$ cat entry_6.pdb   # PDB, C-alpha atoms and all ligand atoms
ATOM      1  CA  MET A   1      93.974 164.751 -33.313
ATOM      2  CA  SER A   2      93.958 168.510 -33.518
ATOM      3  CA  SER A   3      90.382 169.647 -33.848
ATOM      4  CA  THR A   4      91.542 172.982 -35.246
ATOM      5  CA  ALA A   5      93.323 171.264 -38.118
ATOM      6  CA  THR A   6      90.281 169.074 -38.821
ATOM      7  CA  TYR A   7      88.018 172.084 -38.718
ATOM      8  CA  SER A   8      90.015 174.143 -41.192
ATOM      9  CA  GLU A   9      90.257 171.175 -43.524
ATOM     10  CA  HIS A  10      86.491 170.820 -43.400
ATOM     11  CA  THR A  11      85.999 174.509 -43.927
ATOM     12  CA  ARG A  12      88.098 174.346 -47.070
ATOM     13  CA  SER A  13      85.975 171.454 -48.301
ATOM     14  CA  ILE A  14      82.800 173.399 -47.690
ATOM     15  CA  LEU A  15      84.255 176.232 -49.724
ATOM     16  CA  ASN A  16      83.822 174.019 -52.775
ATOM     17  CA  LEU A  17      80.264 175.319 -52.749
ATOM     18  CA  GLN A  18      80.065 178.080 -55.300
ATOM     19  CA  LEU A  19      77.416 180.204 -53.651
ATOM     20  CA  PRO A  20      77.429 181.116 -49.972
ATOM     21  CA  THR A  21      74.099 181.259 -48.169
ATOM     22  CA  ASP A  22      72.344 184.615 -48.193
ATOM     23  CA  PRO A  23      73.267 186.247 -44.862
ATOM     24  CA  ARG A  24      69.600 187.108 -44.242
ATOM     25  CA  TRP A  25      68.759 183.426 -43.926
ATOM     26  CA  VAL A  26      70.101 182.918 -40.400
ATOM     27  CA  ASP A  27      68.143 185.943 -39.107
ATOM     28  CA  LEU A  28      64.945 184.556 -40.598
ATOM     29  CA  ALA A  29      65.753 181.099 -39.232
ATOM     30  CA  SER A  30      66.324 182.427 -35.728
ATOM     31  CA  ILE A  31      62.781 183.756 -35.529
ATOM     32  CA  SER A  32      61.198 180.508 -36.710
ATOM     33  CA  ILE A  33      63.359 177.994 -34.916
ATOM     34  CA  GLY A  34      60.434 175.589 -34.401
ATOM     35  CA  ASP A  35      59.991 175.325 -38.172
ATOM     36  CA  ILE A  36      63.738 174.964 -38.647
ATOM     37  CA  LEU A  37      63.841 172.076 -36.176
ATOM     38  CA  THR A  38      60.955 170.300 -37.900
ATOM     39  CA  ASP A  39      62.521 170.730 -41.322
ATOM     40  CA  HIS A  40      65.889 169.670 -39.958
ATOM     41  CA  ALA A  41      64.353 166.522 -38.402
ATOM     42  CA  PHE A  42      63.001 165.462 -41.787
ATOM     43  CA  CYS A  43      66.361 166.196 -43.449
ATOM     44  CA  GLU A  44      68.055 163.806 -41.038
ATOM     45  CA  GLN A  45      65.407 161.173 -41.698
ATOM     46  CA  LYS A  46      65.939 161.523 -45.421
ATOM     47  CA  ALA A  47      69.711 161.240 -44.980
ATOM     48  CA  ALA A  48      69.216 157.955 -43.100
ATOM     49  CA  THR A  49      66.752 156.486 -45.606
ATOM     50  CA  THR A  50      68.833 157.529 -48.622
ATOM     51  CA  CYS A  51      71.886 155.838 -47.104
ATOM     52  CA  ILE A  52      69.779 152.690 -46.684
ATOM     53  CA  SER A  53      68.736 152.919 -50.344
ATOM     54  CA  ILE A  54      72.358 153.289 -51.455
ATOM     55  CA  ILE A  55      73.279 150.187 -49.445
ATOM     56  CA  GLN A  56      70.435 148.318 -51.149
ATOM     57  CA  TRP A  57      71.411 149.499 -54.657
ATOM     58  CA  TYR A  58      75.127 148.790 -54.178
ATOM     59  CA  SER A  59      74.961 145.812 -51.849
ATOM     60  CA  GLU A  60      77.841 144.152 -53.695
ATOM     61  CA  LYS A  61      80.176 147.113 -53.214
ATOM     62  CA  GLU A  62      81.568 146.104 -49.861
ATOM     63  CA  GLU A  63      83.264 149.426 -49.038
ATOM     64  CA  ILE A  64      80.022 151.319 -49.600
ATOM     65  CA  VAL A  65      78.106 148.890 -47.383
ATOM     66  CA  LYS A  66      80.734 149.042 -44.637
ATOM     67  CA  ALA A  67      81.047 152.819 -44.715
ATOM     68  CA  LEU A  68      77.358 153.656 -44.892
ATOM     69  CA  ALA A  69      75.972 151.161 -42.366
ATOM     70  CA  PRO A  70      77.208 153.268 -39.421
ATOM     71  CA  ILE A  71      76.144 156.503 -41.171
ATOM     72  CA  VAL A  72      72.539 155.260 -41.168
ATOM     73  CA  THR A  73      72.787 154.913 -37.391
ATOM     74  CA  GLU A  74      74.427 158.312 -37.079
ATOM     75  CA  GLU A  75      71.808 160.104 -39.194
ATOM     76  CA  TRP A  76      69.042 158.386 -37.271
ATOM     77  CA  GLY A  77      70.775 159.531 -34.089
ATOM     78  CA  HIS A  78      70.700 163.075 -35.495
ATOM     79  CA  PHE A  79      66.989 162.707 -36.151
ATOM     80  CA  ARG A  80      66.442 161.652 -32.555
ATOM     81  CA  LEU A  81      68.509 164.569 -31.219
ATOM     82  CA  VAL A  82      66.453 167.058 -33.216
ATOM     83  CA  LEU A  83      63.198 165.335 -32.256
ATOM     84  CA  ASN A  84      64.230 165.666 -28.622
ATOM     85  CA  GLU A  85      64.738 169.424 -29.089
ATOM     86  CA  ILE A  86      61.287 169.683 -30.660
ATOM     87  CA  HIS A  87      59.674 167.850 -27.751
ATOM     88  CA  LYS A  88      61.647 169.846 -25.175
ATOM     89  CA  ARG A  89      60.011 172.953 -26.580
ATOM     90  CA  GLY A  90      56.539 171.456 -26.202
ATOM     91  CA  LEU A  91      56.231 171.110 -29.982
ATOM     92  CA  THR A  92      55.481 168.080 -32.139
ATOM     93  CA  LEU A  93      57.247 166.813 -35.228
ATOM     94  CA  GLY A  94      54.358 167.873 -37.445
ATOM     95  CA  ARG A  95      53.940 167.306 -41.125
ATOM     96  CA  ARG A  96      56.633 166.502 -43.587
ATOM     97  CA  ARG A  97      57.322 169.386 -45.968
ATOM     98  CA  LYS A  98      58.128 169.247 -49.636
ATOM     99  CA  ASP A  99      61.903 169.406 -49.904
ATOM    100  CA  ILE A 100      62.289 171.560 -53.012
ATOM    101  CA  TYR A 101      66.064 171.828 -52.717
ATOM    102  CA  VAL A 102      66.729 168.094 -52.508
ATOM    103  CA  ASN A 103      64.117 167.287 -55.167
ATOM    104  CA  GLU A 104      65.721 169.718 -57.617
ATOM    105  CA  LEU A 105      69.193 168.540 -56.721
ATOM    106  CA  PHE A 106      68.348 164.871 -57.308
ATOM    107  CA  GLU A 107      66.862 165.675 -60.729
ATOM    108  CA  PHE A 108      70.437 166.029 -61.943
ATOM    109  CA  ILE A 109      71.093 162.314 -61.331
ATOM    110  CA  GLN A 110      71.397 160.777 -64.782
ATOM    111  CA  LYS A 111      68.656 158.319 -65.554
ATOM    112  CA  GLY A 112      70.036 156.732 -68.689
ATOM    113  CA  GLY A 113      73.602 155.820 -69.463
ATOM    114  CA  GLY A 114      75.826 153.500 -67.552
ATOM    115  CA  GLU A 115      75.495 152.133 -64.074
ATOM    116  CA  GLU A 116      78.808 153.675 -63.062
ATOM    117  CA  GLY A 117      77.662 157.170 -63.968
ATOM    118  CA  ARG A 118      74.463 156.735 -62.002
ATOM    119  CA  MET A 119      76.343 155.502 -58.950
ATOM    120  CA  LEU A 120      78.707 158.457 -59.202
ATOM    121  CA  ASP A 121      75.752 160.850 -59.358
ATOM    122  CA  ARG A 122      74.042 159.251 -56.408
ATOM    123  CA  LEU A 123      77.183 159.578 -54.300
ATOM    124  CA  LEU A 124      77.865 163.136 -55.458
ATOM    125  CA  SER A 125      74.276 164.229 -54.846
ATOM    126  CA  MET A 126      74.650 163.030 -51.256
ATOM    127  CA  ALA A 127      78.012 164.786 -50.940
ATOM    128  CA  LEU A 128      76.381 168.040 -52.035
ATOM    129  CA  VAL A 129      73.450 167.760 -49.616
ATOM    130  CA  GLU A 130      75.943 167.140 -46.828
ATOM    131  CA  ALA A 131      78.089 170.104 -47.887
ATOM    132  CA  ARG A 132      75.182 172.532 -48.070
ATOM    133  CA  SER A 133      73.712 171.253 -44.796
ATOM    134  CA  CYS A 134      77.099 171.678 -43.190
ATOM    135  CA  GLU A 135      77.317 175.234 -44.495
ATOM    136  CA  ARG A 136      73.826 176.043 -43.160
ATOM    137  CA  PHE A 137      74.617 174.492 -39.770
ATOM    138  CA  LYS A 138      77.758 176.596 -39.684
ATOM    139  CA  ARG A 139      75.638 179.701 -40.214
ATOM    140  CA  LEU A 140      73.335 178.648 -37.388
ATOM    141  CA  SER A 141      76.283 177.843 -35.127
ATOM    142  CA  GLU A 142      77.617 181.357 -35.679
ATOM    143  CA  GLY A 143      74.505 183.454 -36.092
ATOM    144  CA  LEU A 144      71.860 182.290 -33.630
ATOM    145  CA  ASN A 145      71.364 184.306 -30.450
ATOM    146  CA  ASP A 146      70.865 181.259 -28.251
ATOM    147  CA  GLU A 147      74.227 179.862 -27.102
ATOM    148  CA  TYR A 148      72.837 176.393 -26.491
ATOM    149  CA  LEU A 149      71.551 176.186 -30.059
ATOM    150  CA  ARG A 150      74.791 177.583 -31.452
ATOM    151  CA  ASN A 151      76.641 174.691 -29.819
ATOM    152  CA  PHE A 152      73.926 172.256 -30.852
ATOM    153  CA  TYR A 153      74.399 173.209 -34.492
ATOM    154  CA  ARG A 154      78.152 173.263 -34.290
ATOM    155  CA  ARG A 155      78.147 169.533 -33.594
ATOM    156  CA  PHE A 156      75.946 168.877 -36.627
ATOM    157  CA  MET A 157      78.194 171.021 -38.769
ATOM    158  CA  GLU A 158      81.233 168.922 -37.885
ATOM    159  CA  SER A 159      79.440 165.658 -38.441
ATOM    160  CA  GLU A 160      78.006 166.570 -41.860
ATOM    161  CA  ALA A 161      81.399 167.880 -43.013
ATOM    162  CA  GLY A 162      82.766 164.400 -42.363
ATOM    163  CA  HIS A 163      79.945 162.868 -44.392
ATOM    164  CA  TYR A 164      80.663 165.152 -47.333
ATOM    165  CA  THR A 165      84.231 163.892 -47.393
ATOM    166  CA  LEU A 166      83.122 160.283 -47.005
ATOM    167  CA  PHE A 167      80.813 160.340 -50.041
ATOM    168  CA  LEU A 168      83.585 161.833 -52.170
ATOM    169  CA  GLU A 169      86.065 159.231 -50.954
ATOM    170  CA  LEU A 170      83.628 156.425 -51.730
ATOM    171  CA  ALA A 171      83.167 157.763 -55.249
ATOM    172  CA  GLU A 172      86.930 157.915 -55.771
ATOM    173  CA  LEU A 173      87.321 154.384 -54.498
ATOM    174  CA  TYR A 174      85.243 152.931 -57.326
ATOM    175  CA  ILE A 175      85.563 155.516 -60.083
ATOM    176  CA  PRO A 176      88.702 157.197 -61.503
ATOM    177  CA  LYS A 177      89.541 160.374 -59.589
ATOM    178  CA  GLU A 178      89.657 162.451 -62.723
ATOM    179  CA  LYS A 179      86.113 161.478 -63.643
ATOM    180  CA  VAL A 180      84.848 162.149 -60.111
ATOM    181  CA  ARG A 181      86.411 165.622 -60.000
ATOM    182  CA  LYS A 182      85.063 166.553 -63.418
ATOM    183  CA  ARG A 183      81.550 165.490 -62.554
ATOM    184  CA  LEU A 184      81.799 167.164 -59.141
ATOM    185  CA  GLU A 185      82.422 170.474 -60.918
ATOM    186  CA  GLU A 186      79.164 169.989 -62.840
ATOM    187  CA  TRP A 187      77.315 169.128 -59.636
ATOM    188  CA  LEU A 188      78.685 172.212 -57.893
ATOM    189  CA  GLU A 189      77.444 174.375 -60.738
ATOM    190  CA  HIS A 190      74.021 172.721 -60.680
ATOM    191  CA  GLU A 191      73.782 173.181 -56.907
ATOM    192  CA  ALA A 192      74.729 176.853 -57.129
ATOM    193  CA  ASN A 193      72.027 177.414 -59.768
ATOM    194  CA  ILE A 194      69.380 175.889 -57.531
ATOM    195  CA  MET A 195      70.512 178.037 -54.620
ATOM    196  CA  LYS A 196      70.525 181.178 -56.745
ATOM    197  CA  ASN A 197      66.910 180.666 -57.736
ATOM    198  CA  MET A 198      65.554 179.590 -54.371
ATOM    199  CA  GLU A 199      63.550 181.895 -52.189
ATOM    200  CA  VAL A 200      65.299 182.812 -48.924
ATOM    201  CA  ARG A 201      62.980 181.500 -46.228
ATOM    202  CA  GLY A 202      63.565 180.959 -42.550
ATOM    203  CA  ASP A 203      61.458 177.842 -42.168
ATOM    204  CA  ARG A 204      63.716 175.587 -44.198
ATOM    205  CA  ILE A 205      67.216 174.244 -43.690
ATOM    206  CA  HIS A 206      67.834 174.569 -47.444
TER     207      HIS A 206
HETATM  208 FE    FE B   1      72.950 164.280 -40.152
HETATM  209 FE    FE B   2      75.018 163.615 -42.894
END
$ encode --input "entry_6.pdb" --output "structure tokens"
Amino acid sequence: MSSTATYSEHTRSILNLQLPTDPRWVDLASISIGDILTDHAFCEQKAATTCISIIQWYSEKEEIVKALAPIVTEEWGHFRLVLNEIHKRGLTLGRRRKDIYVNELFEFIQKGGGEEGRMLDRLLSMALVEARSCERFKRLSEGLNDEYLRNFYRRFMESEAGHYTLFLELAELYIPKEKVRKRLEEWLEHEANIMKNMEVRGDRIH
């Protein structure tokens, strides 16, 4: 497998995001890396627990169960990697912060209507979190001064890009492609609006 080909494919996928991260963010993040690591650790935890929830909600959709079972392990592995970095620096995990970005993003999941629409929204909301996380990790992998951390974040970037693709593929497996693409456009617009209105702060991944 050519990693260059995979990378450019992923980069194109990430470009689906309508609003690139404010370039000031990575500079702010680099001076509060302890806070970034703590926030990142909780993001990975949330990714793992949300995948578990999706497996519980859609336990009869065998492809979802099969695909997401290993992702739970992978996200938990990410949590442990970040936790290790926190401990290596003599820090502790600390308190969980309010995740404004994810809370606002998930508000777009339709509450009424059909079960299919809700499942689509749940999968697309995860795809979007993965895409934005991937984009932020890319920024860190390019913009941090510390070479070790640049490489550290490059690995996360690659992994989350794969997850973005996976959630889209799962949606298209159960729901007509046309419908998925149309709704994805709405999600991308919603995500860009959240980003536009969010304060740029260096102690958060999003
Ligand atoms: Fe992750
Ligand atoms: Fe992920």
$ resolve_selection --input "entry_6.pdb" --expression "the PyMOL selection byres (((not hetatm)) within 7 of (chain B and resi 2))" --output "compact mmCIF listing (two decimals) with C-alpha atoms, keeping the file's coordinate frame"
# COMPACT_ATOMS: atom_id res chain seq x y z
CA ALA A 47 69.71 161.24 -44.98
CA GLU A 75 71.81 160.10 -39.19
CA GLU A 130 75.94 167.14 -46.83
CA SER A 159 79.44 165.66 -38.44
CA GLU A 160 78.01 166.57 -41.86
CA HIS A 163 79.94 162.87 -44.39
$ closest_atom_pairs --input "entry_6.pdb" --of "chain A" --to "ligand FE 1 (chain B)" --cutoff "12 Å" --atoms "all atoms listed in the file" --output "tab-separated table"
residue	atom	partner	partner_atom	distance
A:His40	CA	B:FE1	FE	8.9
A:Ala41	CA	B:FE1	FE	9.1
A:Phe42	CA	B:FE1	FE	10.2
A:Cys43	CA	B:FE1	FE	7.6
A:Glu44	CA	B:FE1	FE	5.0
A:Gln45	CA	B:FE1	FE	8.3
A:Lys46	CA	B:FE1	FE	9.2
A:Ala47	CA	B:FE1	FE	6.6
A:Ala48	CA	B:FE1	FE	7.9
A:Thr49	CA	B:FE1	FE	11.4
A:Thr50	CA	B:FE1	FE	11.6
A:Cys51	CA	B:FE1	FE	11.0
A:Pro70	CA	B:FE1	FE	11.8
A:Ile71	CA	B:FE1	FE	8.5
A:Val72	CA	B:FE1	FE	9.1
A:Thr73	CA	B:FE1	FE	9.8
A:Glu74	CA	B:FE1	FE	6.9
A:Glu75	CA	B:FE1	FE	4.4
A:Trp76	CA	B:FE1	FE	7.6
A:Gly77	CA	B:FE1	FE	8.0
A:His78	CA	B:FE1	FE	5.3
A:Phe79	CA	B:FE1	FE	7.3
A:Arg80	CA	B:FE1	FE	10.3
A:Leu81	CA	B:FE1	FE	10.0
A:Val82	CA	B:FE1	FE	9.9
A:Met126	CA	B:FE1	FE	11.3
A:Ala127	CA	B:FE1	FE	11.9
A:Val129	CA	B:FE1	FE	10.1
A:Glu130	CA	B:FE1	FE	7.9
A:Ala131	CA	B:FE1	FE	11.0
A:Arg132	CA	B:FE1	FE	11.7
A:Ser133	CA	B:FE1	FE	8.4
A:Cys134	CA	B:FE1	FE	9.0
A:Phe137	CA	B:FE1	FE	10.4
A:Tyr153	CA	B:FE1	FE	10.7
A:Arg154	CA	B:FE1	FE	11.9
A:Arg155	CA	B:FE1	FE	9.9
A:Phe156	CA	B:FE1	FE	6.5
A:Met157	CA	B:FE1	FE	8.7
A:Glu158	CA	B:FE1	FE	9.8
A:Ser159	CA	B:FE1	FE	6.9
A:Glu160	CA	B:FE1	FE	5.8
A:Ala161	CA	B:FE1	FE	9.6
A:Gly162	CA	B:FE1	FE	10.1
A:His163	CA	B:FE1	FE	8.3
A:Tyr164	CA	B:FE1	FE	10.6
$ closest_residue --input "entry_6.pdb" --among "A:Ala29, A:Leu105, A:Leu68, A:Leu93" --to "A:Glu189" --atoms "all atoms listed in the file"
A:Leu105
$ residues_around --input "entry_6.pdb" --residues "A:Val65" --least-positions-apart "3" --cutoff "12 Å" --atoms "all atoms listed in the file" --output "list of chain:residue names"
A:Cys51, A:Ile52, A:Ser53, A:Ile54, A:Ile55, A:Gln56, A:Trp57, A:Tyr58, A:Ser59, A:Glu60, A:Lys61, A:Glu62, A:Leu68, A:Ala69, A:Pro70, A:Ile71, A:Val72, A:Leu170
$ resolve_selection --input "entry_6.pdb" --expression "the PyMOL selection byres (((chain A and resi 94) around 10) and not hetatm)" --output "ChimeraX atom specification"
/A:35,38-39,42,86,91-93,95-97
$ residues_around --input "entry_6.pdb" --residues "A:His206" --least-positions-apart "6" --cutoff "9 Å" --atoms "all atoms listed in the file" --output "list of chain:residue names"
A:Asp39, A:Asp99, A:Ile100, A:Tyr101, A:Val102, A:Arg132, A:Ser133, A:Arg136, A:Met195, A:Met198, A:Val200
$ resolve_selection --input "entry_6.pdb" --expression "the PyMOL selection byres (((chain A and resi 114-123) around 8) and not hetatm)" --output "ChimeraX atom specification"
/A:54,108-113,124-127,167-168,170-171,175,180
$ axis_aligned_box --input "entry_6.pdb" --around "stretch 186-199 of chain A" --padding-each-side "6 Å" --output "lines of an AutoDock Vina configuration file"
center_x = 71.4
center_y = 175.5
center_z = -57.5
size_x = 27.6
size_y = 24.8
size_z = 22.7
$ closest_residue --input "entry_6.pdb" --among "A:Glu107, A:Glu135, A:Glu142, A:Glu178" --to "A:Gln18" --atoms "all atoms listed in the file"
A:Glu135
$ closest_residue --input "entry_6.pdb" --among "A:Leu166, A:Val26, A:Leu188, A:Ile31" --to "A:Lys138" --atoms "all atoms listed in the file"
A:Val26
